[in-house]
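For reference, the structure discussed in these notes is given below.
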Amino acid sequence: MASGQRGPRRRDVLVGAAGIGLGAAAAIGVGSAVRAAAGEPTFGTSRVVDTSPHQPGIGTAGAHGVFIAVDLAESVDRDRLIRLLRLLTDDALRLMAGQAPIGDQEPEMAEVPANLAITFGFGPRVVELADPAAMPEWLGPLPSFSIDQLEDRWSDGDLLMLVAGDDPLSVAHAQRMLLKDVRAFSTIRWQQTGFRNARGALKEGTTQRNLFGQIDGTANPQPGTAEFDRVVWTGAAHPSTGRGGAVPEWLVGGTSLVLRRIHMNLETWDEVDRPGREASVGRRLDTGAPLTGSAEHDEPDFEARTPQGFTVINPVSHMRRSRPDDPTQRIFRQTYNYDHPVAGVGGMGAEVSDSGLLFASYQANPATQFVPIQQRLADGDLLNTWTVPVGSAVFAIPPAAPPGGFIGEQLFQ
């Protein structure tokens, strides 16, 4: 080979290989054998090798996450899209199993996955290219809400990649590998990074806090329960509709993701005393208990009144407005915080950070589950004084790839 000439690129090898799915399965098999010989993995080597019918990363969140949306190039047709999804599936399976993707020039960085989980989502254009008749009725921008100040740079997108794990270096490596996969097919629309409590920082099962200091996610259904399954997964028994009212068959075992980027004004929040903060939320900041209870998971009493005749829990507090009376209006929230420095500002009262929440909501049908809750919050929620949605995107999350297949394969059949 002449000096400076490179060998075959990994895309050329993978895209042209008929047995690509089997290659990924073999890589996982090798990883399993190595783990069996080595015994229980340590924290850093913890791998996601999931035989679930659902994609990984839903119901369990790593300490670090990055949401990436790309817009497909105009030249991408149905066949090229399939090739891209095959490539992404193969790389994701290898990375989550602690194996380097084919052509990885830093293969050692894949050996420490640290609970790495990679989740893919489809925007309307992906479904249109695959099978327009299979489009879910709810897949598209949400209705306009009065509190929204949405920016294009944080909204919409054709294809979503969520990379999450407990080690930021592993997340960064996986993110780079996937972005190298898609660069010949698309352009990056947005990239949103967030963080949660570090693994081991809290006792198992403890609800995390957001940057307002609030315990965030108390009312979530618990993964592994029948209620979680009912709320999150699309299935024949759930009123999740496609065109003509039928459940899209390719989405059975999948879900939907609504991602809202919510800016939090920490500077004006600093001006509020503790009783005012608790009244706006409807919960105590120290324990997360409702103002009518003593423990985080106590049922709130919305009818309880003070000696002066006022309700103890304000009727426009965040908890009251977000808590549905209709039991079908439930979601599973899986949030990440973001906190970016603001350059070139100073003086008393200057904003020192761009902070907020990446609010990821999973549900079988956003139109019947997420939208009614969001509408109530838009109509009246004391927290709206300090928060504003600046980004919004909706994606269909297909079930896990079939053995030897690729993510979303059911849509193309």
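Residues in the structure tokens are named by chain (A, B, ... in the order shown) and by number from 1 within that chain; ligands are numbered from 1 in the order shown.
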
Within 9 Å of Leu377 of chain A, counting only C-alpha atoms, which residues show up once you throw out same-chain ones fewer than 5 positions away? Write them as a PyMOL selection string, please. chain A and resi 147+316+318+321-322+372+382-384

With only C-alpha atoms as the counted atoms, please give the residues lying no more than 9 Å from Ser186 of chain A, apart from itself and same-chain residues fewer than 4 positions off, as a count of residues only. 7

Option closest in space to Asp158 of chain A, from A:Ile58, A:Ala100, A:Ala69, A:Ile313 [counting only C-alpha atoms]: A:Ala69

Please provide the set of residues having any atom within 7 Å of Gly253 of chain A, restricted to only C-alpha atoms, with same-chain residues fewer than 5 positions apart removed, written as a ChimeraX atom specification. /A:53-54,233-235,399

Deliver the residues from the most recent selection as a file, using C-alpha atoms, as a PDB file, in the first residue's frame.
ATOM      1  CA  PRO A  53     -38.065  -6.753  23.990  1.00  0.00           C
ATOM      2  CA  HIS A  54     -37.618  -3.065  24.806  1.00  0.00           C
ATOM      3  CA  TRP A 233     -45.130   0.535  26.537  1.00  0.00           C
ATOM      4  CA  THR A 234     -47.255   0.613  23.418  1.00  0.00           C
ATOM      5  CA  GLY A 235     -49.423  -2.486  23.099  1.00  0.00           C
ATOM      6  CA  PRO A 399     -38.839  -1.860  20.419  1.00  0.00           C
TER       7      PRO A 399
END

Can you list every residue of segment 274-304 of chain A that has an atom at most 10 Å from segment 206-209 of chain A, with its nearest atom pair and the distance in Å to one decimal, using only C-alpha atoms, ordered by chain then number, as a Markdown table?
| residue | atom | partner | partner_atom | distance |
| --- | --- | --- | --- | --- |
| A:Leu285 | CA | A:Arg209 | CA | 9.6 |
| A:Gly288 | CA | A:Thr207 | CA | 9.1 |
| A:Glu296 | CA | A:Thr207 | CA | 9.3 |

Find the distance between atom CA of Thr335 of chain A and atom CA of Glu128 of chain A and write it in Å to one decimal.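 That distance, rounded to one decimal, is 29.2 Å.
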
When you count only C-alpha atoms, which of these residues is closest to Ala295 of chain A: A:Asn314, A:Val163, A:Thr51, A:Thr218?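 So, comparing all the options, the nearest one is A:Thr218.
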
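Of the residues under consideration (A:Val394, A:Ala133, A:Ala201, A:Ala117), A:Val394 shows the shortest atom-to-atom contact distance to Ala367 of chain A when counting only C-alpha atoms.
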